[in-house]
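Chemist: To be precise about what I am sending: the file is called entry-v5.txt and holds compact mmCIF, C-alpha atoms.
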```txt
# COMPACT_ATOMS: atom_id res chain seq x y z
CA MET R 26 -31.86 118.29 117.43
CA SER R 27 -35.07 119.32 119.14
CA ILE R 28 -36.86 122.41 117.86
CA THR R 29 -40.51 123.42 117.78
CA LYS R 30 -42.90 121.22 115.84
CA LYS R 31 -44.00 124.16 113.70
CA THR R 32 -40.41 125.01 112.75
CA SER R 33 -39.63 121.37 112.02
CA LEU R 34 -42.62 120.92 109.74
CA PHE R 35 -41.98 124.20 107.95
CA ALA R 36 -38.33 123.43 107.32
CA MET R 37 -39.12 119.96 105.98
CA LEU R 38 -42.26 120.70 103.98
CA ILE R 39 -41.42 124.06 102.48
CA MET R 40 -38.94 122.35 100.14
CA MET R 41 -41.74 120.35 98.57
CA MET R 42 -43.50 123.44 97.27
CA ILE R 43 -40.65 125.89 96.68
CA VAL R 44 -39.25 123.89 93.78
CA VAL R 45 -42.53 123.20 92.02
CA ALA R 46 -44.02 126.63 92.70
CA ALA R 47 -41.01 128.28 91.10
CA CYS R 48 -41.69 126.64 87.77
CA GLY R 49 -45.40 127.37 88.08
CA ASP R 50 -44.51 131.04 88.39
CA LYS R 51 -42.29 130.76 85.29
CA ALA R 52 -45.16 129.24 83.34
CA ASP R 53 -47.59 131.89 84.52
CA ASN R 54 -45.28 134.69 83.37
CA ASN R 55 -44.13 133.19 80.06
CA ALA R 56 -47.10 131.21 78.79
CA LYS R 57 -50.29 132.89 79.96
CA SER R 58 -52.02 132.27 76.65
CA ASN R 59 -51.37 128.50 76.73
CA ASP R 60 -52.92 125.76 78.83
CA PRO R 61 -49.95 123.98 80.47
CA ALA R 62 -49.62 120.23 80.44
CA ALA R 63 -51.20 118.63 83.49
CA THR R 64 -49.54 115.72 85.17
CA LYS R 65 -51.67 113.48 87.32
CA THR R 66 -49.92 111.22 89.78
CA THR R 67 -51.31 108.01 91.11
CA THR R 68 -51.91 107.92 94.83
CA GLY R 69 -52.31 105.34 97.52
CA ALA R 70 -49.30 103.27 96.48
CA ASP R 71 -45.57 103.68 96.50
CA ALA R 72 -45.25 102.02 93.12
CA GLY R 73 -47.23 102.98 90.05
CA THR R 74 -47.49 105.08 86.96
CA ALA R 75 -48.51 108.66 86.32
CA LYS R 76 -50.30 109.72 83.17
CA THR R 77 -50.37 113.16 81.62
CA ASP R 78 -53.07 114.87 79.63
CA ASP R 79 -50.87 117.03 77.41
CA THR R 80 -52.84 119.29 75.08
CA ASP R 81 -51.32 122.33 73.41
CA LYS R 82 -54.30 124.27 72.11
CA SER R 83 -52.10 126.38 69.85
CA GLY R 84 -50.62 123.31 68.14
CA ALA R 85 -47.86 121.00 69.31
CA SER R 86 -44.62 120.16 67.59
CA SER R 87 -43.62 116.58 66.84
CA GLU R 88 -41.07 116.81 69.65
CA ASP R 89 -43.79 117.90 72.09
CA ASN R 90 -45.98 115.01 70.94
CA LYS R 91 -43.09 112.63 71.56
CA GLU R 92 -42.71 114.00 75.06
CA SER R 93 -46.44 113.54 75.62
CA ASP R 94 -46.25 109.91 74.50
CA ASN R 95 -43.31 109.27 76.80
CA SER R 96 -45.10 110.96 79.69
CA SER R 97 -47.94 108.44 79.52
CA LYS R 98 -45.47 105.81 80.74
CA VAL R 99 -44.01 107.76 83.65
CA GLU R 100 -43.53 105.72 86.82
CA LEU R 101 -43.64 107.01 90.36
CA GLY R 102 -41.13 104.34 91.25
CA THR R 103 -40.93 101.95 94.19
CA THR R 104 -39.96 102.92 97.72
CA GLN R 105 -39.08 100.14 100.12
CA LYS R 106 -37.34 100.01 103.45
CA GLY R 107 -33.93 101.48 102.71
CA SER R 108 -34.22 101.89 98.92
CA TYR R 109 -35.89 103.68 96.01
CA THR R 110 -35.94 102.71 92.32
CA ASN R 111 -37.53 104.32 89.27
CA ASP R 112 -37.16 102.68 85.86
CA TYR R 113 -38.60 105.59 83.88
CA PHE R 114 -36.03 108.07 85.15
CA GLY R 115 -33.45 105.28 85.34
CA VAL R 116 -32.44 106.01 88.91
CA SER R 117 -31.98 104.13 92.15
CA LEU R 118 -30.58 104.93 95.58
CA LYS R 119 -30.31 103.60 99.11
CA PHE R 120 -31.04 105.29 102.43
CA PRO R 121 -30.74 104.01 106.02
CA GLU R 122 -33.28 101.27 106.72
CA ALA R 123 -34.20 102.90 110.03
CA TRP R 124 -35.38 106.08 108.27
CA GLU R 125 -39.03 107.03 107.83
CA TYR R 126 -40.38 107.23 104.29
CA GLN R 127 -43.57 108.34 102.56
CA ASP R 128 -45.46 106.72 99.71
CA ALA R 129 -47.01 108.80 96.90
CA GLU R 130 -50.26 109.41 98.80
CA GLY R 131 -48.41 110.58 101.88
CA MET R 132 -46.24 112.95 99.86
CA ASN R 133 -49.29 114.41 98.10
CA GLN R 134 -50.90 115.12 101.47
CA LEU R 135 -47.73 116.79 102.73
CA THR R 136 -47.52 118.85 99.55
CA SER R 137 -51.05 120.15 100.05
CA ALA R 138 -50.29 121.03 103.67
CA SER R 139 -47.09 122.89 102.78
CA SER R 140 -48.85 124.69 99.92
CA GLU R 141 -51.40 126.15 102.31
CA ALA R 142 -48.69 127.13 104.79
CA ILE R 143 -46.61 128.94 102.17
CA ALA R 144 -49.39 130.63 100.19
CA GLY R 145 -51.43 131.86 103.15
CA ASP R 146 -53.93 134.39 101.83
CA ASP R 147 -51.94 135.16 98.67
CA GLU R 148 -54.30 134.12 95.85
CA LYS R 149 -51.60 134.40 93.17
CA LYS R 150 -49.31 132.02 95.06
CA LYS R 151 -52.21 129.65 95.63
CA LYS R 152 -52.96 129.51 91.90
CA GLN R 153 -49.36 128.96 90.83
CA MET R 154 -48.92 126.24 93.44
CA GLU R 155 -52.10 124.52 92.33
CA LEU R 156 -50.80 124.69 88.74
CA SER R 157 -47.45 123.24 89.73
CA GLN R 158 -48.99 120.41 91.72
CA THR R 159 -50.86 119.21 88.61
CA LYS R 160 -47.52 118.82 86.81
CA THR R 161 -45.46 117.41 89.65
CA LEU R 162 -44.48 113.85 90.52
CA ASN R 163 -43.74 113.33 94.21
CA LEU R 164 -41.31 110.43 94.01
CA LEU R 165 -39.44 110.00 97.29
CA MET R 166 -39.42 111.41 100.81
CA ALA R 167 -37.14 109.71 103.33
CA SER R 168 -36.06 111.26 106.64
CA GLN R 169 -34.31 110.26 109.83
CA TYR R 170 -37.22 111.43 111.99
CA PRO R 171 -41.00 111.47 111.51
CA LEU R 172 -42.12 114.80 110.05
CA ASP R 173 -44.55 115.40 112.92
CA GLY R 174 -42.16 114.38 115.69
CA GLY R 175 -40.77 117.80 116.60
CA GLN R 176 -37.27 116.90 115.43
CA ILE R 177 -35.46 117.71 112.24
CA GLY R 178 -32.62 115.66 110.83
CA PRO R 179 -31.18 114.64 107.48
CA SER R 180 -33.60 113.86 104.68
CA ALA R 181 -33.62 112.91 101.01
CA MET R 182 -36.30 113.81 98.49
CA ALA R 183 -36.89 113.24 94.78
CA ILE R 184 -39.40 115.33 92.82
CA ALA R 185 -39.97 115.67 89.08
CA GLU R 186 -41.93 118.40 87.30
CA LYS R 187 -43.04 118.51 83.68
CA VAL R 188 -41.40 121.47 81.94
CA SER R 189 -41.42 122.95 78.45
CA LEU R 190 -39.47 125.38 76.30
CA LEU R 191 -42.34 127.86 76.78
CA GLN R 192 -41.26 128.12 80.40
CA GLY R 193 -37.67 128.83 79.40
CA ILE R 194 -36.53 125.70 81.26
CA ARG R 195 -33.89 123.93 79.18
CA THR R 196 -31.39 122.86 81.85
CA GLY R 197 -31.31 122.00 85.52
CA GLU R 198 -29.70 125.38 86.18
CA ASP R 199 -32.65 127.14 84.49
CA TYR R 200 -34.98 125.31 86.84
CA LEU R 201 -32.92 126.14 89.91
CA LYS R 202 -32.72 129.81 88.92
CA ALA R 203 -36.52 129.92 88.77
CA THR R 204 -36.59 128.25 92.18
CA LYS R 205 -34.18 130.79 93.64
CA LYS R 206 -36.20 133.68 92.23
CA PHE R 207 -39.33 132.35 93.87
CA MET R 208 -37.51 132.05 97.20
CA GLU R 209 -36.16 135.58 96.96
CA ASP R 210 -39.51 137.05 95.87
CA SER R 211 -41.14 135.28 98.83
CA ASN R 212 -38.52 136.71 101.23
CA PHE R 213 -37.51 133.33 102.62
CA PRO R 214 -34.57 133.76 105.05
CA TYR R 215 -32.04 131.79 102.99
CA GLU R 216 -28.40 132.33 102.16
CA TYR R 217 -27.35 131.13 98.70
CA LYS R 218 -24.11 129.80 97.32
CA ASP R 219 -23.13 130.07 93.66
CA PHE R 220 -24.59 127.52 91.25
CA THR R 221 -22.24 124.63 90.56
CA LYS R 222 -22.31 121.24 88.85
CA GLU R 223 -21.74 117.84 90.39
CA THR R 224 -21.78 114.31 89.01
CA ILE R 225 -24.03 111.95 90.95
CA GLY R 226 -24.40 108.32 89.96
CA GLY R 227 -22.71 109.03 86.64
CA LYS R 228 -25.01 111.94 85.69
CA GLU R 229 -23.99 115.59 85.79
CA MET R 230 -26.52 117.66 87.72
CA ASP R 231 -26.78 121.36 88.50
CA LEU R 232 -26.55 122.24 92.19
CA MET R 233 -27.87 125.07 94.33
CA GLN R 234 -26.94 125.03 98.01
CA ILE R 235 -28.74 127.13 100.59
CA THR R 236 -28.63 127.53 104.36
CA THR R 237 -31.20 128.75 106.87
CA ASP R 238 -31.53 129.12 110.64
CA ALA R 239 -32.78 125.94 112.34
CA GLY R 240 -34.40 127.97 115.10
CA ASP R 241 -31.80 127.44 117.81
CA GLY R 242 -28.83 129.24 116.27
CA SER R 243 -27.58 126.31 114.19
CA LYS R 244 -27.91 126.02 110.42
CA ILE R 245 -29.90 123.77 108.12
CA THR R 246 -28.21 123.11 104.78
CA GLN R 247 -30.27 122.11 101.74
CA GLU R 248 -28.77 120.92 98.47
CA TYR R 249 -30.97 121.14 95.38
CA TYR R 250 -29.80 119.01 92.44
CA SER R 251 -31.60 119.28 89.11
CA THR R 252 -31.34 117.89 85.59
CA ILE R 253 -33.71 117.47 82.65
CA ILE R 254 -34.84 113.90 81.90
CA GLU R 255 -37.50 113.07 79.28
CA GLY R 256 -39.07 116.53 79.47
CA TYR R 257 -39.09 116.61 83.27
CA ALA R 258 -36.96 118.60 85.69
CA PHE R 259 -35.76 115.76 87.92
CA ASN R 260 -34.68 116.99 91.35
CA PHE R 261 -32.98 115.66 94.45
CA ILE R 262 -33.26 117.72 97.63
CA PHE R 263 -30.91 116.73 100.45
CA THR R 264 -31.04 118.27 103.92
CA TYR R 265 -28.52 118.06 106.76
CA LEU R 266 -27.54 119.99 109.88
CA ASP R 267 -24.06 118.98 111.01
CA ALA R 268 -21.07 116.81 110.15
CA ASP R 269 -22.79 113.59 111.21
CA SER R 270 -25.97 114.21 109.22
CA LYS R 271 -23.93 115.40 106.24
CA ALA R 272 -22.10 112.06 106.33
CA GLU R 273 -25.47 110.30 106.14
CA ILE R 274 -26.40 112.36 103.08
CA ASP R 275 -23.02 111.78 101.46
CA ASN R 276 -23.59 108.02 101.76
CA ILE R 277 -26.98 108.36 100.07
CA LYS R 278 -25.47 110.39 97.23
CA LYS R 279 -22.76 107.78 96.77
CA SER R 280 -25.45 105.11 96.42
CA VAL R 281 -27.28 106.92 93.58
CA GLN R 282 -27.08 105.16 90.23
CA PHE R 283 -28.42 106.40 86.91
CA LYS R 284 -28.79 103.94 84.04
```
Rewrite the coordinates I just gave you, this time as structure tokens.

Modeler:
Amino acid sequence: MSITKKTSLFAMLIMMMIVVAACGDKADNNAKSNDPAATKTTTGADAGTAKTDDTDKSGASSEDNKESDNSSKVELGTTQKGSYTNDYFGVSLKFPEAWEYQDAEGMNQLTSASSEAIAGDDEKKKKQMELSQTKTLNLLMASQYPLDGGQIGPSAMAIAEKVSLLQGIRTGEDYLKATKKFMEDSNFPYEYKDFTKETIGGKEMDLMQITTDAGDGSKITQEYYSTIIEGYAFNFIFTYLDADSKAEIDNIKKSVQFK
């Protein structure tokens, strides 16, 4: 499907910041007196580890300390032609070998670009997005077409964000509700279906499905899956446009395996 380059980039990149910005907004509202944990991702490689500098200035519980220790071992995972694996989150999947994919550095650059596009001149949004980026692991971005090619097709993403009880995020549904609120407050032109649950690769995940106009009268469907793993909201974001691209996504979902 050929649509304008601007529309294509917006539709593909906006997902990268909507999810993480939502939780940043939750943290800003619920934990203003605390310095949130910062997650630093490695860049320049599609396999590596990410270390966190978790410091709770008001005192951390033993459970929080355990999460901090675990976070020091977080892996960004390995993306290769047609596959992604991550031992820390215990997940693997396959995607078509002909698809484009981004390494961690490429995803970080795209995240920064989409952040600027979404925030515009809104300083509050800029701050919450900057906060969220420090806690976010960009794990996988695979798509049928290059992001700058003026075409939009099916895509698969994996993103994880460090969360805490202070943010009120205890389940994948909590995370998705914060995401939806951010979308609605930002007046994005989305239609929402009810939250549901679905088992993928043996793990039950919460699901939010949305649709939006592709720019030529057809619809883009995005499926947001979320669950909590080792103190992180682990998210899949799948995008498709029609029956053929949905079939591609269904095959990817069938390939997902959680240990």

Chemist: At a cut-off of 9 Å, using all atoms listed in the file, what residues contact Lys202 (chain R)? Leave out same-chain residues fewer than 3 positions from it and give the result as a VMD selection string.

Modeler: chain R and resid 47 197 to 199 205 to 207 220 233

Chemist: Limited to C-alpha atoms, could you put the picked residues into a file as a tab-separated table (two decimals), in the coordinates of the input?

Modeler:
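To be explicit, this is the file written out as part11.tsv:
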```
chain	number	residue	atom	x	y	z
R	47	ALA	CA	-41.01	128.28	91.10
R	197	GLY	CA	-31.31	122.00	85.52
R	198	GLU	CA	-29.70	125.38	86.18
R	199	ASP	CA	-32.65	127.14	84.49
R	205	LYS	CA	-34.18	130.79	93.64
R	206	LYS	CA	-36.20	133.68	92.23
R	207	PHE	CA	-39.33	132.35	93.87
R	220	PHE	CA	-24.59	127.52	91.25
R	233	MET	CA	-27.87	125.07	94.33
```

Chemist: With only C-alpha atoms counted, which protein, DNA or RNA residues have an atom no more than 10 Å from (-31.0, 116.2, 104.9) in the file frame? Please answer as a compact mmCIF listing (two decimals) with C-alpha atoms, in the coordinates of the input.

Modeler:
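Listed below is the output, part_12.txt:
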```txt
# COMPACT_ATOMS: atom_id res chain seq x y z
CA MET R 37 -39.12 119.96 105.98
CA ALA R 167 -37.14 109.71 103.33
CA SER R 168 -36.06 111.26 106.64
CA GLN R 169 -34.31 110.26 109.83
CA ILE R 177 -35.46 117.71 112.24
CA GLY R 178 -32.62 115.66 110.83
CA PRO R 179 -31.18 114.64 107.48
CA SER R 180 -33.60 113.86 104.68
CA ALA R 181 -33.62 112.91 101.01
CA MET R 182 -36.30 113.81 98.49
CA ILE R 245 -29.90 123.77 108.12
CA THR R 246 -28.21 123.11 104.78
CA GLN R 247 -30.27 122.11 101.74
CA GLU R 248 -28.77 120.92 98.47
CA ILE R 262 -33.26 117.72 97.63
CA PHE R 263 -30.91 116.73 100.45
CA THR R 264 -31.04 118.27 103.92
CA TYR R 265 -28.52 118.06 106.76
CA LEU R 266 -27.54 119.99 109.88
CA ASP R 267 -24.06 118.98 111.01
CA SER R 270 -25.97 114.21 109.22
CA LYS R 271 -23.93 115.40 106.24
CA ALA R 272 -22.10 112.06 106.33
CA GLU R 273 -25.47 110.30 106.14
CA ILE R 274 -26.40 112.36 103.08
CA ASP R 275 -23.02 111.78 101.46
```

Chemist: Looking at only C-alpha atoms, which of R:Ser251, R:Ser117, R:Thr237, R:Ser243 is the one that sits closest to Lys222 (chain R)?

Modeler: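 Smallest distance to Lys222 (chain R) is found for R:Ser251.
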
Chemist: Which value, in Å to one decimal, gives the distance between CA of Tyr113 (chain R) and CA of Lys98 (chain R)?

Modeler: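 Distance between the two atoms: 7.6 Å.
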
Chemist: Using only C-alpha atoms for the distances, tell me which of R:Lys228, R:Thr236, R:Lys279, R:Ser189 is nearest to Gly115 (chain R).

Modeler: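 With only C-alpha atoms as the atom set, the closest residue is R:Lys228.
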
Chemist: What is the distance, in Å and to one decimal place, between CA of Ser280 (chain R) and CA of Lys119 (chain R)?

Modeler: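 CA of Lys119 (chain R) lies 5.8 Å from CA of Ser280 (chain R).
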
Chemist: What is the CA of Gln176 (chain R) to CA of Gln127 (chain R) distance in Å?

Modeler: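 CA of Gln127 (chain R) lies 16.7 Å from CA of Gln176 (chain R).
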
Chemist: At a cut-off of 9 Å from (-34.2, 102.3, 105.9) in the coordinates of the file, what residues are picked up using only C-alpha atoms, written as a PyMOL selection string?

Modeler: chain R and resi 105-108+119-126+167+169

Chemist: Pick out the residues sitting within 8 Å of Val116 (chain R), and hand them over as a ChimeraX atom specification; count only C-alpha atoms, and ignore anything fewer than 3 positions along from it in its own chain.

Modeler: /R:110-113,281-284

Chemist: Counting all atoms listed in the file, which residue out of R:Gly256, R:Phe261, R:Ile225, R:Tyr109 sits closest to Gln192 (chain R)?

Modeler: R:Gly256

Chemist: Counting all atoms listed in the file, figure out which residue out of R:Pro214, R:Asp269, R:Thr103, R:Asn163 gets nearest to Gly240 (chain R).

Modeler: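 Nearest candidate to Gly240 (chain R) out of R:Pro214, R:Asp269, R:Thr103, R:Asn163: R:Pro214.
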